[in-house]
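Trainee: Handing over model01.cif, mmCIF, C-alpha atoms.
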data_run
#
loop_
_atom_site.group_PDB
_atom_site.id
_atom_site.type_symbol
_atom_site.label_atom_id
_atom_site.label_comp_id
_atom_site.auth_asym_id
_atom_site.auth_seq_id
_atom_site.Cartn_x
_atom_site.Cartn_y
_atom_site.Cartn_z
ATOM 1 C CA MET A 828 78.688 64.846 195.129
ATOM 2 C CA SER A 829 75.199 66.082 196.009
ATOM 3 C CA LYS A 830 72.009 64.287 195.027
ATOM 4 C CA PHE A 831 71.057 67.184 192.742
ATOM 5 C CA LEU A 832 73.661 68.083 190.171
ATOM 6 C CA GLY A 833 74.179 71.679 189.125
ATOM 7 C CA LEU A 834 76.089 73.072 186.138
ATOM 8 C CA ASP A 835 79.401 72.999 188.041
ATOM 9 C CA GLU A 836 79.033 69.272 188.712
ATOM 10 C CA ILE A 837 78.013 68.683 185.090
ATOM 11 C CA GLU A 838 81.238 70.371 183.945
ATOM 12 C CA GLN A 839 83.231 68.157 186.347
ATOM 13 C CA LEU A 840 81.451 65.023 185.088
ATOM 14 C CA ALA A 841 81.763 66.037 181.433
ATOM 15 C CA PRO A 842 85.173 67.731 181.186
ATOM 16 C CA SER A 843 85.369 67.323 177.411
ATOM 17 C CA GLY A 844 81.911 68.752 176.758
ATOM 18 C CA HIS A 845 78.189 68.169 176.963
ATOM 19 C CA TYR A 846 75.026 68.900 175.013
ATOM 20 C CA ILE A 847 71.519 69.257 176.478
ATOM 21 C CA ALA A 848 68.268 69.690 174.532
ATOM 22 C CA LEU A 849 65.180 70.248 176.675
ATOM 23 C CA ARG A 850 61.624 69.629 175.517
ATOM 24 C CA ILE A 851 62.051 69.239 171.801
ATOM 25 C CA GLY A 852 58.866 70.295 170.063
ATOM 26 C CA PHE A 853 58.328 69.812 166.346
ATOM 27 C CA ALA A 854 61.882 70.724 165.440
ATOM 28 C CA PHE A 855 63.599 72.798 168.087
ATOM 29 C CA PRO A 856 64.277 72.340 171.786
ATOM 30 C CA MET A 857 62.734 74.818 174.206
ATOM 31 C CA GLU A 858 66.147 75.230 175.782
ATOM 32 C CA GLU A 859 69.506 74.116 174.460
ATOM 33 C CA VAL A 860 72.998 74.035 175.987
ATOM 34 C CA ASN A 861 75.843 73.254 173.607
ATOM 35 C CA ALA A 862 79.082 72.987 175.581
ATOM 36 C CA LEU A 863 80.797 70.629 173.139
ATOM 37 C CA PRO A 864 84.259 71.553 171.757
ATOM 38 C CA PRO A 865 83.772 74.380 169.186
ATOM 39 C CA ASP A 866 86.052 72.627 166.637
ATOM 40 C CA TRP A 867 83.850 69.516 166.865
ATOM 41 C CA VAL A 868 80.670 71.587 166.482
ATOM 42 C CA SER A 869 81.937 73.194 163.257
ATOM 43 C CA HIS A 870 83.250 69.841 161.910
ATOM 44 C CA TYR A 871 79.915 68.189 162.801
ATOM 45 C CA THR A 872 77.969 70.975 161.065
ATOM 46 C CA ARG A 873 80.175 70.978 157.955
ATOM 47 C CA GLN A 874 79.902 67.201 157.592
ATOM 48 C CA ARG A 875 76.106 67.320 158.164
ATOM 49 C CA PHE A 876 76.478 64.611 160.793
ATOM 50 C CA ALA A 877 73.020 65.332 162.264
ATOM 51 C CA LEU A 878 71.566 63.269 159.393
ATOM 52 C CA PHE A 879 73.682 60.229 160.298
ATOM 53 C CA ASP A 880 74.454 60.630 164.003
ATOM 54 C CA PRO A 881 73.659 57.360 165.827
ATOM 55 C CA VAL A 882 73.482 59.314 169.113
ATOM 56 C CA LEU A 883 70.562 61.377 167.771
ATOM 57 C CA ARG A 884 68.877 58.323 166.278
ATOM 58 C CA TRP A 885 69.106 56.507 169.601
ATOM 59 C CA ALA A 886 67.985 59.559 171.643
ATOM 60 C CA TYR A 887 64.859 60.061 169.506
ATOM 61 C CA SER A 888 63.707 56.468 169.740
ATOM 62 C CA ASN A 889 64.745 55.345 173.233
ATOM 63 C CA VAL A 890 64.378 56.257 176.875
ATOM 64 C CA GLY A 891 67.107 55.729 179.441
ATOM 65 C CA ALA A 892 70.881 55.926 179.073
ATOM 66 C CA VAL A 893 73.571 54.286 176.962
ATOM 67 C CA ARG A 894 77.376 54.458 176.955
ATOM 68 C CA TRP A 895 78.766 55.291 173.530
ATOM 69 C CA SER A 896 81.019 52.220 173.740
ATOM 70 C CA ALA A 897 77.900 50.029 173.884
ATOM 71 C CA PHE A 898 76.040 51.732 171.079
ATOM 72 C CA PRO A 899 73.440 49.429 169.537
ATOM 73 C CA VAL A 900 72.969 51.593 166.416
ATOM 74 C CA ASP A 901 74.930 51.539 163.133
ATOM 75 C CA ASP A 902 77.408 54.360 162.596
ATOM 76 C CA PRO A 903 78.218 54.343 158.852
ATOM 77 C CA LYS A 904 79.846 57.810 158.955
ATOM 78 C CA ARG A 905 81.899 56.848 162.051
ATOM 79 C CA VAL A 906 80.566 59.865 163.939
ATOM 80 C CA ILE A 907 81.485 58.426 167.352
ATOM 81 C CA ALA A 908 84.986 57.453 166.198
ATOM 82 C CA GLN A 909 85.494 60.977 164.872
ATOM 83 C CA ALA A 910 84.173 62.515 168.120
ATOM 84 C CA GLN A 911 86.937 60.609 169.932
ATOM 85 C CA THR A 912 89.602 62.464 167.941
ATOM 86 C CA PHE A 913 88.174 65.723 169.351
ATOM 87 C CA GLY A 914 88.749 64.593 172.953
ATOM 88 C CA MET A 915 85.352 62.981 173.498
ATOM 89 C CA ARG A 916 86.707 59.460 173.950
ATOM 90 C CA TYR A 917 83.991 58.300 176.354
ATOM 91 C CA GLY A 918 80.400 59.396 176.265
ATOM 92 C CA VAL A 919 76.972 58.681 177.605
ATOM 93 C CA THR A 920 73.634 59.740 176.127
ATOM 94 C CA VAL A 921 70.481 60.095 178.211
ATOM 95 C CA SER A 922 66.933 60.434 176.861
ATOM 96 C CA VAL A 923 63.712 61.323 178.710
ATOM 97 C CA PHE A 924 60.212 61.282 177.241
ATOM 98 C CA ASP A 925 56.842 61.956 178.783
ATOM 99 C CA SER A 926 53.798 60.520 177.144
ATOM 100 C CA SER A 927 51.586 63.279 178.505
ATOM 101 C CA VAL A 928 49.549 65.518 176.231
ATOM 102 C CA ASP A 929 52.568 67.349 174.789
ATOM 103 C CA GLU A 930 54.659 64.192 174.283
ATOM 104 C CA GLN A 931 57.969 66.003 174.470
ATOM 105 C CA ARG A 932 61.439 64.549 174.665
ATOM 106 C CA SER A 933 64.647 65.834 176.236
ATOM 107 C CA PHE A 934 68.066 64.335 175.694
ATOM 108 C CA ALA A 935 71.668 65.011 176.600
ATOM 109 C CA SER A 936 75.158 63.730 175.878
ATOM 110 C CA PHE A 937 78.065 63.972 178.295
ATOM 111 C CA THR A 938 81.696 63.282 177.359
ATOM 112 C CA ARG A 939 85.107 62.793 178.885
ATOM 113 C CA VAL A 940 88.578 61.857 177.677
ATOM 114 C CA ASP A 941 89.906 59.723 180.539
ATOM 115 C CA ARG A 942 87.503 56.859 181.395
ATOM 116 C CA GLU A 943 84.045 55.314 181.062
ATOM 117 C CA TYR A 944 81.164 56.708 183.090
ATOM 118 C CA THR A 945 80.284 54.688 186.178
ATOM 119 C CA ASP A 946 76.744 53.393 186.748
ATOM 120 C CA ILE A 947 76.324 55.865 189.632
ATOM 121 C CA GLU A 948 77.382 58.806 187.440
ATOM 122 C CA ILE A 949 74.951 57.697 184.739
ATOM 123 C CA LYS A 950 72.134 57.541 187.314
ATOM 124 C CA LEU A 951 73.022 61.068 188.504
ATOM 125 C CA LEU A 952 73.037 62.380 184.917
ATOM 126 C CA GLN A 953 69.679 60.706 184.247
ATOM 127 C CA ALA A 954 68.249 62.273 187.410
ATOM 128 C CA TYR A 955 69.624 65.676 186.342
ATOM 129 C CA LEU A 956 68.040 65.492 182.886
ATOM 130 C CA THR A 957 64.723 64.212 184.277
ATOM 131 C CA ARG A 958 64.643 67.096 186.778
ATOM 132 C CA ARG A 959 65.423 69.703 184.067
ATOM 133 C CA HIS A 960 62.804 68.091 181.787
ATOM 134 C CA ASN A 961 60.167 68.343 184.532
ATOM 135 C CA GLU A 962 61.174 71.903 185.480
ATOM 136 C CA THR A 963 60.580 73.052 181.909
ATOM 137 C CA ALA A 964 57.170 71.385 181.620
ATOM 138 C CA PRO A 965 54.344 73.690 180.524
ATOM 139 C CA PRO A 966 52.201 74.957 183.392
ATOM 140 C CA THR A 967 48.789 73.330 183.616
ATOM 141 C CA ASN A 968 47.164 75.986 185.786
ATOM 142 C CA LEU A 969 46.494 78.734 183.213
ATOM 143 C CA THR A 970 42.797 79.578 182.958
ATOM 144 C CA LYS A 971 40.862 79.768 179.703
ATOM 145 C CA ALA A 972 40.515 83.548 180.194
ATOM 146 C CA GLU A 973 44.283 83.978 180.697
ATOM 147 C CA LEU A 974 45.060 81.925 177.584
ATOM 148 C CA GLU A 975 42.514 83.906 175.590
ATOM 149 C CA ALA A 976 44.210 87.188 176.588
ATOM 150 C CA LEU A 977 47.661 85.767 175.784
ATOM 151 C CA GLY A 978 46.453 84.620 172.372
ATOM 152 C CA MET A 979 45.371 88.176 171.594
ATOM 153 C CA VAL A 980 48.700 89.606 172.821
ATOM 154 C CA LYS A 981 50.451 87.137 170.483
ATOM 155 C CA ASP A 982 48.306 88.453 167.624
ATOM 156 C CA GLY A 983 49.551 91.973 168.413
ATOM 157 C CA ARG A 984 46.324 93.332 169.944
ATOM 158 C CA ARG A 985 46.451 96.286 172.344
ATOM 159 C CA LEU A 986 45.024 96.246 175.853
ATOM 160 C CA LYS A 987 42.055 98.411 174.840
ATOM 161 C CA GLU A 988 41.206 96.100 171.895
ATOM 162 C CA ILE A 989 41.459 92.977 174.060
ATOM 163 C CA ALA A 990 39.177 94.499 176.702
ATOM 164 C CA PHE A 991 36.641 95.568 174.055
ATOM 165 C CA GLU A 992 36.654 92.193 172.313
ATOM 166 C CA LEU A 993 36.324 90.213 175.550
ATOM 167 C CA ASN A 994 33.753 92.668 176.907
ATOM 168 C CA VAL A 995 35.702 93.207 180.155
ATOM 169 C CA SER A 996 37.543 96.159 181.691
ATOM 170 C CA GLU A 997 41.175 96.940 180.897
ATOM 171 C CA GLY A 998 41.882 96.241 184.574
ATOM 172 C CA ALA A 999 40.509 92.708 184.171
ATOM 173 C CA VAL A 1000 42.740 92.117 181.149
ATOM 174 C CA LYS A 1001 45.760 93.462 183.063
ATOM 175 C CA GLN A 1002 44.979 91.085 185.924
ATOM 176 C CA ARG A 1003 44.706 88.100 183.566
ATOM 177 C CA LEU A 1004 48.021 88.944 181.964
ATOM 178 C CA LYS A 1005 49.637 89.509 185.363
ATOM 179 C CA ASN A 1006 48.469 86.055 186.527
ATOM 180 C CA ALA A 1007 49.657 84.460 183.278
ATOM 181 C CA LYS A 1008 53.092 86.111 183.581
ATOM 182 C CA LEU A 1009 53.456 84.762 187.113
ATOM 183 C CA LYS A 1010 52.485 81.230 186.122
ATOM 184 C CA LEU A 1011 54.822 81.244 183.117
ATOM 185 C CA GLY A 1012 57.693 82.995 184.888
ATOM 186 C CA ALA A 1013 57.673 85.754 182.262
ATOM 187 C CA LYS A 1014 58.593 89.427 182.696
ATOM 188 C CA THR A 1015 56.295 90.909 180.061
ATOM 189 C CA GLY A 1016 52.984 90.048 178.454
ATOM 190 C CA THR A 1017 54.727 89.562 175.109
ATOM 191 C CA GLN A 1018 57.212 87.134 176.662
ATOM 192 C CA ALA A 1019 54.354 85.263 178.374
ATOM 193 C CA ALA A 1020 52.522 84.991 175.042
ATOM 194 C CA ALA A 1021 55.691 83.731 173.301
ATOM 195 C CA LEU A 1022 56.214 81.099 176.020
ATOM 196 C CA ALA A 1023 52.573 79.967 175.924
ATOM 197 C CA ASN A 1024 52.890 79.676 172.155
ATOM 198 C CA GLN A 1025 56.120 77.677 172.462
ATOM 199 C CA TYR A 1026 54.387 75.316 174.892
ATOM 200 C CA GLY A 1027 51.561 74.893 172.395
ATOM 201 C CA LEU A 1028 49.041 76.353 174.853
ATOM 202 C CA ILE A 1029 47.778 79.040 172.459
#
Please re-express this file's structure in structure tokens.
Mentor:
Amino acid sequence: MSKFLGLDEIEQLAPSGHYIALRIGFAFPMEEVNALPPDWVSHYTRQRFALFDPVLRWAYSNVGAVRWSAFPVDDPKRVIAQAQTFGMRYGVTVSVFDSSVDEQRSFASFTRVDREYTDIEIKLLQAYLTRRHNETAPPTNLTKAELEALGMVKDGRRLKEIAFELNVSEGAVKQRLKNAKLKLGAKTGTQAAALANQYGLI
């Protein structure tokens, strides 16, 4: 297995499902992958397990990795025991947090039916989540002028209005937006503004 896991390797390591939440802001992750069994997802939702899930409680208050069999948190609703009946007999949860300005957390759970995760596999899954967490970090190289233009795009202003308000040419505004799109990996100015907003930059 390579040093850097991809989605194929994740599916091999988590044959009975996985869940990844990247850069959770105030309430929602910036990116979310829910590859858990659909029957479990609907059971989980119906039972409102999110309020009692020890996996979530652990992930929000810890950094590192833990096997579900060694869970240090109470499970009054027997969420983990019920997950086992849906084929997720063995699981590991990984949590990453950076105490930079944005203080965002990413976490993931990986499950299988046949055996416990080995220490090496856990290290690989931690490395995978850390890499994805870092890849989705907000860019730090946007200029004040670019952010200003994006803020106005977010507010629904037209190019002409932005240029007039900033006292620059339309060409200058276009250039700022072009630079911002590149830095944010966005296709349109609107998408760039939405991303900058999601990152809390504007």
Trainee: Using only C-alpha atoms, which protein or nucleic acid residues come within 10 Å of His845 in chain A? Drop anything in the same chain fewer than 5 positions from it, and give the result as a PyMOL selection string.
Mentor: chain A and resi 837-838+840+860-864+915+918-920+935-939
Trainee: Set the distance at 7 Å and use all atoms listed in the file: which residues neighbour range 957-972 of chain A once local chain neighbours fewer than 3 positions away are removed? I'd like the list as a list in words.
Mentor: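 Using all atoms listed in the file, the neighbours found are Leu849, Arg850, Val923, Ser933, Gln953, Ala954, Glu975, Ala976, Ala1007, Lys1010, Leu1011 and Tyr1026 of chain A.
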Trainee: Which distance in Å separates CA of Arg932 in chain A and CA of Gly852 in chain A, to one decimal?
Mentor: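 About the pair CA of Arg932 in chain A and CA of Gly852 in chain A: they are 7.8 Å apart.
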Trainee: Considering only C-alpha atoms, can you say which of A:Ala892, A:Ile851, A:Ala908, A:Val995 comes closest to Asp946 in chain A?
Mentor: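 Of A:Ala892, A:Ile851, A:Ala908, A:Val995, the one nearest Asp946 in chain A is A:Ala892, counting only C-alpha atoms.
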Trainee: How far is it from CA of Trp885 in chain A to CA of Arg942 in chain A, in Å with one decimal?
Mentor: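 It comes out at 21.9 Å.
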Trainee: Rounded to one decimal, what separation in Å do you get between CA of Trp895 in chain A and CA of Ala841 in chain A?
Mentor: 13.7 Å
Trainee: Please identify all polymer residues within 6 Å of Phe934 in chain A, counting all atoms listed in the file, omitting same-chain residues fewer than 3 positions from it, and present them as number ranges by chain.
Mentor: A: 848, 921-922
Trainee: Taking into account all atoms listed in the file, which residue in the set A:Leu1022, A:Gly983, A:Val882, A:Ser843 is nearest to Tyr917 in chain A?
Mentor: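 Nearest candidate to Tyr917 in chain A out of A:Leu1022, A:Gly983, A:Val882, A:Ser843: A:Ser843.
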Trainee: If we draw a sphere of 10 Å around (83.4, 61.1, 167.3), which residues have at least one atom in it when counting all atoms listed in the file? Please report them as a list in words.
Mentor: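 With a cut-off of 10 Å, the residues come to Trp867, Tyr871, Asp880, Trp895, Lys904, Arg905, Val906, Ile907, Ala908, Gln909, Ala910, Gln911, Thr912, Phe913, Gly914, Met915, Arg916, Tyr917 and Gly918 of chain A.
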Trainee: Pick from A:Leu993, A:Ala897, A:Val868, A:Leu974: nearest to Pro881 in chain A, with only C-alpha atoms counted?
Mentor: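 Among A:Leu993, A:Ala897, A:Val868, A:Leu974, it is A:Ala897 that comes nearest to Pro881 in chain A.
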Trainee: Counting all atoms listed in the file, which of A:Glu992, A:Asp902, A:Asp982, A:Glu973 gets nearest to Leu1009 in chain A?
Mentor: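 Smallest distance to Leu1009 in chain A is found for A:Glu973.
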